[in-house]
file target13.cif (mmCIF, N, CA and C atoms)
data_data
loop_
_atom_site.label_atom_id
_atom_site.label_comp_id
_atom_site.auth_asym_id
_atom_site.auth_seq_id
_atom_site.Cartn_x
_atom_site.Cartn_y
_atom_site.Cartn_z
N MET A 1 -105.24 -10.72 -40.27
CA MET A 1 -104.92 -11.00 -38.87
C MET A 1 -104.03 -12.24 -38.76
N PRO A 2 -103.04 -12.21 -37.86
CA PRO A 2 -102.21 -13.40 -37.68
C PRO A 2 -103.00 -14.51 -37.00
N GLN A 3 -102.65 -15.73 -37.35
CA GLN A 3 -103.32 -16.89 -36.76
C GLN A 3 -102.83 -17.09 -35.33
N ILE A 4 -103.75 -17.32 -34.40
CA ILE A 4 -103.41 -17.56 -33.01
C ILE A 4 -103.75 -19.02 -32.69
N TYR A 5 -102.74 -19.72 -32.21
CA TYR A 5 -102.93 -21.13 -31.89
C TYR A 5 -103.41 -21.29 -30.47
N ARG A 6 -104.19 -22.32 -30.24
CA ARG A 6 -104.83 -22.56 -28.95
C ARG A 6 -103.82 -22.71 -27.81
N LEU A 7 -102.71 -23.40 -28.01
CA LEU A 7 -101.74 -23.64 -26.94
C LEU A 7 -100.49 -22.77 -27.09
N ALA A 8 -100.61 -21.67 -27.77
CA ALA A 8 -99.45 -20.81 -28.02
C ALA A 8 -98.85 -20.22 -26.74
N ASN A 9 -99.62 -20.11 -25.68
CA ASN A 9 -99.12 -19.52 -24.44
C ASN A 9 -98.49 -20.53 -23.49
N VAL A 10 -98.51 -21.80 -23.85
CA VAL A 10 -97.91 -22.83 -23.00
C VAL A 10 -96.39 -22.72 -23.13
N PRO A 11 -95.68 -22.61 -22.01
CA PRO A 11 -94.21 -22.48 -22.09
C PRO A 11 -93.57 -23.71 -22.72
N ARG A 12 -92.50 -23.49 -23.47
CA ARG A 12 -91.79 -24.60 -24.12
C ARG A 12 -90.85 -25.31 -23.16
N SER A 13 -90.49 -24.65 -22.08
CA SER A 13 -89.58 -25.26 -21.11
C SER A 13 -89.78 -24.59 -19.75
N ILE A 14 -89.12 -25.17 -18.75
CA ILE A 14 -89.17 -24.55 -17.43
C ILE A 14 -87.96 -23.62 -17.29
N THR A 15 -88.02 -22.72 -16.33
CA THR A 15 -86.95 -21.75 -16.15
C THR A 15 -85.76 -22.42 -15.43
N TRP A 16 -84.58 -21.78 -15.50
CA TRP A 16 -83.40 -22.31 -14.82
C TRP A 16 -83.60 -22.31 -13.31
N ASP A 17 -84.36 -21.36 -12.80
CA ASP A 17 -84.66 -21.35 -11.37
C ASP A 17 -85.50 -22.56 -11.00
N GLU A 18 -86.45 -22.92 -11.83
CA GLU A 18 -87.26 -24.11 -11.58
C GLU A 18 -86.41 -25.38 -11.68
N VAL A 19 -85.47 -25.41 -12.60
CA VAL A 19 -84.55 -26.55 -12.72
C VAL A 19 -83.73 -26.68 -11.44
N ARG A 20 -83.18 -25.58 -10.97
CA ARG A 20 -82.38 -25.58 -9.74
C ARG A 20 -83.20 -26.10 -8.56
N ARG A 21 -84.43 -25.61 -8.43
CA ARG A 21 -85.30 -26.05 -7.33
C ARG A 21 -85.63 -27.53 -7.44
N LEU A 22 -85.84 -28.01 -8.66
CA LEU A 22 -86.12 -29.43 -8.87
C LEU A 22 -84.94 -30.29 -8.44
N LEU A 23 -83.73 -29.88 -8.82
CA LEU A 23 -82.54 -30.64 -8.45
C LEU A 23 -82.30 -30.62 -6.95
N GLU A 24 -82.66 -29.53 -6.29
CA GLU A 24 -82.45 -29.41 -4.84
C GLU A 24 -83.32 -30.34 -4.02
N VAL A 25 -84.48 -30.73 -4.54
CA VAL A 25 -85.39 -31.57 -3.75
C VAL A 25 -85.06 -33.06 -3.84
N VAL A 26 -84.16 -33.43 -4.73
CA VAL A 26 -83.78 -34.84 -4.86
C VAL A 26 -82.89 -35.23 -3.68
N ASP A 27 -83.25 -36.30 -3.00
CA ASP A 27 -82.48 -36.77 -1.85
C ASP A 27 -81.32 -37.62 -2.34
N ARG A 28 -80.14 -37.03 -2.46
CA ARG A 28 -78.97 -37.72 -3.00
C ARG A 28 -78.28 -38.62 -1.97
N ARG A 29 -78.85 -38.74 -0.79
CA ARG A 29 -78.29 -39.64 0.22
C ARG A 29 -78.70 -41.08 -0.04
N THR A 30 -79.73 -41.30 -0.86
CA THR A 30 -80.20 -42.65 -1.16
C THR A 30 -79.74 -43.06 -2.55
N ILE A 31 -79.73 -44.35 -2.79
CA ILE A 31 -79.34 -44.86 -4.11
C ILE A 31 -80.30 -44.36 -5.18
N ARG A 32 -81.58 -44.44 -4.90
CA ARG A 32 -82.58 -43.97 -5.88
C ARG A 32 -82.45 -42.47 -6.12
N GLY A 33 -82.18 -41.73 -5.06
CA GLY A 33 -82.01 -40.29 -5.20
C GLY A 33 -80.83 -39.94 -6.07
N ARG A 34 -79.71 -40.66 -5.89
CA ARG A 34 -78.52 -40.42 -6.74
C ARG A 34 -78.81 -40.77 -8.19
N ARG A 35 -79.55 -41.88 -8.39
CA ARG A 35 -79.93 -42.26 -9.75
C ARG A 35 -80.82 -41.19 -10.37
N ASP A 36 -81.83 -40.75 -9.63
CA ASP A 36 -82.75 -39.73 -10.14
C ASP A 36 -82.02 -38.43 -10.45
N TYR A 37 -81.09 -38.06 -9.59
CA TYR A 37 -80.32 -36.83 -9.79
C TYR A 37 -79.48 -36.95 -11.07
N ALA A 38 -78.85 -38.10 -11.27
CA ALA A 38 -78.05 -38.31 -12.48
C ALA A 38 -78.92 -38.23 -13.74
N ILE A 39 -80.10 -38.82 -13.67
CA ILE A 39 -81.02 -38.78 -14.82
C ILE A 39 -81.43 -37.34 -15.11
N LEU A 40 -81.79 -36.61 -14.07
CA LEU A 40 -82.19 -35.21 -14.26
C LEU A 40 -81.05 -34.38 -14.84
N LEU A 41 -79.82 -34.63 -14.37
CA LEU A 41 -78.68 -33.90 -14.92
C LEU A 41 -78.47 -34.20 -16.40
N LEU A 42 -78.67 -35.45 -16.80
CA LEU A 42 -78.56 -35.80 -18.22
C LEU A 42 -79.62 -35.08 -19.04
N LEU A 43 -80.81 -35.01 -18.52
CA LEU A 43 -81.90 -34.33 -19.23
C LEU A 43 -81.63 -32.84 -19.35
N VAL A 44 -81.17 -32.24 -18.26
CA VAL A 44 -80.98 -30.79 -18.21
C VAL A 44 -79.68 -30.36 -18.89
N THR A 45 -78.58 -31.03 -18.58
CA THR A 45 -77.28 -30.61 -19.07
C THR A 45 -77.11 -30.86 -20.56
N TYR A 46 -77.49 -32.04 -21.02
CA TYR A 46 -77.27 -32.41 -22.41
C TYR A 46 -78.52 -32.33 -23.28
N GLY A 47 -79.66 -32.09 -22.66
CA GLY A 47 -80.89 -32.02 -23.43
C GLY A 47 -81.32 -33.36 -23.99
N LEU A 48 -80.94 -34.43 -23.30
CA LEU A 48 -81.34 -35.76 -23.77
C LEU A 48 -82.83 -35.96 -23.61
N ARG A 49 -83.37 -36.79 -24.44
CA ARG A 49 -84.78 -37.16 -24.33
C ARG A 49 -84.89 -38.36 -23.38
N ALA A 50 -86.06 -38.55 -22.83
CA ALA A 50 -86.27 -39.62 -21.86
C ALA A 50 -85.89 -40.98 -22.44
N HIS A 51 -86.27 -41.25 -23.68
CA HIS A 51 -85.95 -42.56 -24.26
C HIS A 51 -84.45 -42.73 -24.48
N GLU A 52 -83.73 -41.63 -24.68
CA GLU A 52 -82.27 -41.73 -24.83
C GLU A 52 -81.62 -42.09 -23.50
N VAL A 53 -82.13 -41.52 -22.42
CA VAL A 53 -81.59 -41.83 -21.09
C VAL A 53 -81.89 -43.29 -20.73
N THR A 54 -83.09 -43.76 -21.02
CA THR A 54 -83.45 -45.13 -20.65
C THR A 54 -82.66 -46.16 -21.44
N ARG A 55 -82.15 -45.80 -22.60
CA ARG A 55 -81.37 -46.74 -23.41
C ARG A 55 -79.89 -46.76 -23.07
N LEU A 56 -79.43 -45.85 -22.21
CA LEU A 56 -78.02 -45.81 -21.85
C LEU A 56 -77.64 -47.05 -21.04
N THR A 57 -76.43 -47.53 -21.28
CA THR A 57 -75.87 -48.63 -20.50
C THR A 57 -74.50 -48.20 -19.98
N LEU A 58 -73.92 -48.98 -19.09
CA LEU A 58 -72.59 -48.66 -18.58
C LEU A 58 -71.55 -48.67 -19.70
N ASP A 59 -71.79 -49.42 -20.75
CA ASP A 59 -70.87 -49.44 -21.89
C ASP A 59 -70.83 -48.10 -22.62
N ASP A 60 -71.85 -47.27 -22.42
CA ASP A 60 -71.89 -45.95 -23.06
C ASP A 60 -71.05 -44.92 -22.31
N VAL A 61 -70.56 -45.28 -21.13
CA VAL A 61 -69.75 -44.36 -20.34
C VAL A 61 -68.28 -44.74 -20.50
N ASP A 62 -67.50 -43.79 -20.99
CA ASP A 62 -66.05 -43.96 -21.14
C ASP A 62 -65.40 -43.20 -19.99
N TRP A 63 -65.18 -43.91 -18.87
CA TRP A 63 -64.67 -43.28 -17.66
C TRP A 63 -63.26 -42.72 -17.88
N LYS A 64 -62.45 -43.44 -18.63
CA LYS A 64 -61.06 -43.03 -18.84
C LYS A 64 -60.96 -41.69 -19.57
N HIS A 65 -61.79 -41.50 -20.58
CA HIS A 65 -61.76 -40.27 -21.37
C HIS A 65 -62.86 -39.28 -20.96
N GLU A 66 -63.57 -39.60 -19.88
CA GLU A 66 -64.65 -38.75 -19.36
C GLU A 66 -65.63 -38.35 -20.46
N ARG A 67 -66.16 -39.36 -21.12
CA ARG A 67 -67.06 -39.17 -22.24
C ARG A 67 -68.32 -40.01 -22.06
N LEU A 68 -69.40 -39.48 -22.59
CA LEU A 68 -70.68 -40.21 -22.61
C LEU A 68 -71.10 -40.36 -24.06
N GLN A 69 -71.29 -41.59 -24.49
CA GLN A 69 -71.71 -41.88 -25.85
C GLN A 69 -73.22 -42.15 -25.84
N VAL A 70 -73.96 -41.34 -26.59
CA VAL A 70 -75.41 -41.54 -26.67
C VAL A 70 -75.71 -42.13 -28.05
N PRO A 71 -76.02 -43.42 -28.09
CA PRO A 71 -76.27 -44.07 -29.38
C PRO A 71 -77.64 -43.74 -29.94
N GLU A 72 -77.72 -43.78 -31.24
CA GLU A 72 -79.00 -43.65 -31.97
C GLU A 72 -79.84 -42.48 -31.51
N ARG A 73 -79.29 -41.30 -31.68
CA ARG A 73 -80.08 -40.09 -31.42
C ARG A 73 -80.94 -39.84 -32.63
N LYS A 74 -81.43 -38.63 -32.78
CA LYS A 74 -82.27 -38.27 -33.91
C LYS A 74 -81.58 -38.62 -35.22
N ALA A 75 -82.29 -39.12 -36.16
CA ALA A 75 -81.79 -39.49 -37.49
C ALA A 75 -80.77 -40.61 -37.43
N GLY A 76 -80.74 -41.37 -36.32
CA GLY A 76 -79.86 -42.52 -36.23
C GLY A 76 -78.41 -42.22 -35.96
N HIS A 77 -78.07 -40.98 -35.64
CA HIS A 77 -76.69 -40.61 -35.36
C HIS A 77 -76.36 -40.77 -33.88
N ALA A 78 -75.12 -41.14 -33.59
CA ALA A 78 -74.66 -41.21 -32.21
C ALA A 78 -73.97 -39.89 -31.88
N THR A 79 -73.97 -39.53 -30.60
CA THR A 79 -73.33 -38.31 -30.14
C THR A 79 -72.48 -38.62 -28.93
N ALA A 80 -71.27 -38.05 -28.88
CA ALA A 80 -70.40 -38.20 -27.73
C ALA A 80 -70.32 -36.87 -27.00
N TYR A 81 -70.43 -36.91 -25.68
CA TYR A 81 -70.38 -35.70 -24.86
C TYR A 81 -69.21 -35.81 -23.89
N LEU A 82 -68.49 -34.72 -23.71
CA LEU A 82 -67.48 -34.65 -22.67
C LEU A 82 -68.15 -34.24 -21.38
N TRP A 83 -67.66 -34.76 -20.26
CA TRP A 83 -68.21 -34.38 -18.98
C TRP A 83 -67.75 -32.98 -18.63
N PRO A 84 -68.63 -32.18 -18.09
CA PRO A 84 -68.20 -30.86 -17.61
C PRO A 84 -67.13 -31.04 -16.54
N ALA A 85 -66.18 -30.11 -16.46
CA ALA A 85 -65.09 -30.20 -15.51
C ALA A 85 -65.60 -30.32 -14.08
N LEU A 86 -66.71 -29.68 -13.78
CA LEU A 86 -67.28 -29.75 -12.44
C LEU A 86 -67.62 -31.18 -12.05
N TRP A 87 -68.18 -31.95 -12.99
CA TRP A 87 -68.55 -33.34 -12.72
C TRP A 87 -67.30 -34.19 -12.53
N ALA A 88 -66.28 -33.93 -13.32
CA ALA A 88 -65.08 -34.75 -13.27
C ALA A 88 -64.40 -34.69 -11.91
N LYS A 89 -64.55 -33.59 -11.18
CA LYS A 89 -63.90 -33.40 -9.90
C LYS A 89 -64.64 -34.08 -8.76
N ARG A 90 -65.89 -34.45 -8.98
CA ARG A 90 -66.70 -35.02 -7.90
C ARG A 90 -66.42 -36.48 -7.71
#

call {"tool": "encode", "arguments": {"input": "target13.cif", "output": "C-alpha cells"}}
result
Amino acid sequence: MPQIYRLANVPRSITWDEVRRLLEVVDRRTIRGRRDYAILLLLVTYGLRAHEVTRLTLDDVDWKHERLQVPERKAGHATAYLWPALWAKR
C-alpha cells in the first residue's frame, strides 16, 4: 500500500481566482494600501518569499532599466527581474 501523509490534502497554494479576489480588496487609495498591493504583487508575480520582500530597498529598484534586483535568494544568489510591460505603463 502507498504511504498516505497526514497533511497530503492541504493545498500547496491558493487559486488564481483567490489571488484576484485578494488583490481586489486592497484599498489602493491609501499609502498603506498601495504598499500592501505592491508587496502582494511581488509575492504573486515573482514568487518572492516574505523575507525577500522585507529585505528589499529602493537601491534594489533600477527605474531606468525597469528592473528589480533581489539580493541573496536561495543558495546566496541574486536574481534580477524585468517589470512586466503592464506595470511599466502605469

call {"tool": "select_by_dssp", "arguments": {"input": "target13.cif", "residues": "chain A", "states": "helix (DSSP H, G or I)", "output": "ChimeraX atom specification"}}
result
/A:16-24,31-46,50-54,58-60,74-76,85-88

call {"tool": "atom_distance", "arguments": {"input": "target13.cif", "atom1": "atom N of Glu72 in chain A", "atom2": "CA of Leu42 in chain A"}}
result
15.3 Å

call {"tool": "resolve_selection", "arguments": {"input": "target13.cif", "expression": "the PyMOL selection byres (((chain A and resi 31-39 and name CA) around 12) and name CA)", "output": "list in words"}}
result
Val19, Arg20, Leu22, Leu23, Glu24, Val25, Val26, Asp27, Arg28, Arg29, Thr30, Leu40, Leu41, Leu42, Leu43, Val44, Thr45, Tyr46, Gly47, Leu48, Arg49, Ala50, His51, Glu52, Val53, Thr54, Arg55, Leu56 and Trp87 of chain A

call {"tool": "resolve_selection", "arguments": {"input": "target13.cif", "expression": "the PyMOL selection byres ((chain A and resi 81) around 7)", "output": "ChimeraX atom specification"}}
result
/A:66-70,79-80,82-84

call {"tool": "atom_distance", "arguments": {"input": "target13.cif", "atom1": "atom N of Pro71 in chain A", "atom2": "atom N of Leu58 in chain A"}}
result
10.8 Å

call {"tool": "select_by_dssp", "arguments": {"input": "target13.cif", "residues": "range 4-71 of chain A", "states": "strand (DSSP E or B)", "output": "PyMOL selection string"}}
result
chain A and resi 61-62+67-70

call {"tool": "write_last_selection", "arguments": {"input": "target13.cif", "atoms": "N, CA and C atoms", "output": "CSV table (one decimal), in the frame of the given file"}}
result
chain,number,residue,atom,x,y,z
A,61,VAL,N,-70.6,-45.3,-21.1
A,61,VAL,CA,-69.8,-44.4,-20.3
A,61,VAL,C,-68.3,-44.7,-20.5
A,62,ASP,N,-67.5,-43.8,-21.0
A,62,ASP,CA,-66.0,-44.0,-21.1
A,62,ASP,C,-65.4,-43.2,-20.0
A,67,ARG,N,-66.2,-39.4,-21.1
A,67,ARG,CA,-67.1,-39.2,-22.2
A,67,ARG,C,-68.3,-40.0,-22.1
A,68,LEU,N,-69.4,-39.5,-22.6
A,68,LEU,CA,-70.7,-40.2,-22.6
A,68,LEU,C,-71.1,-40.4,-24.1
A,69,GLN,N,-71.3,-41.6,-24.5
A,69,GLN,CA,-71.7,-41.9,-25.8
A,69,GLN,C,-73.2,-42.2,-25.8
A,70,VAL,N,-74.0,-41.3,-26.6
A,70,VAL,CA,-75.4,-41.5,-26.7
A,70,VAL,C,-75.7,-42.1,-28.0

call {"tool": "atom_distance", "arguments": {"input": "target13.cif", "atom1": "CA of Pro2 in chain A", "atom2": "CA of Thr15 in chain A"}}
result
27.7 Å
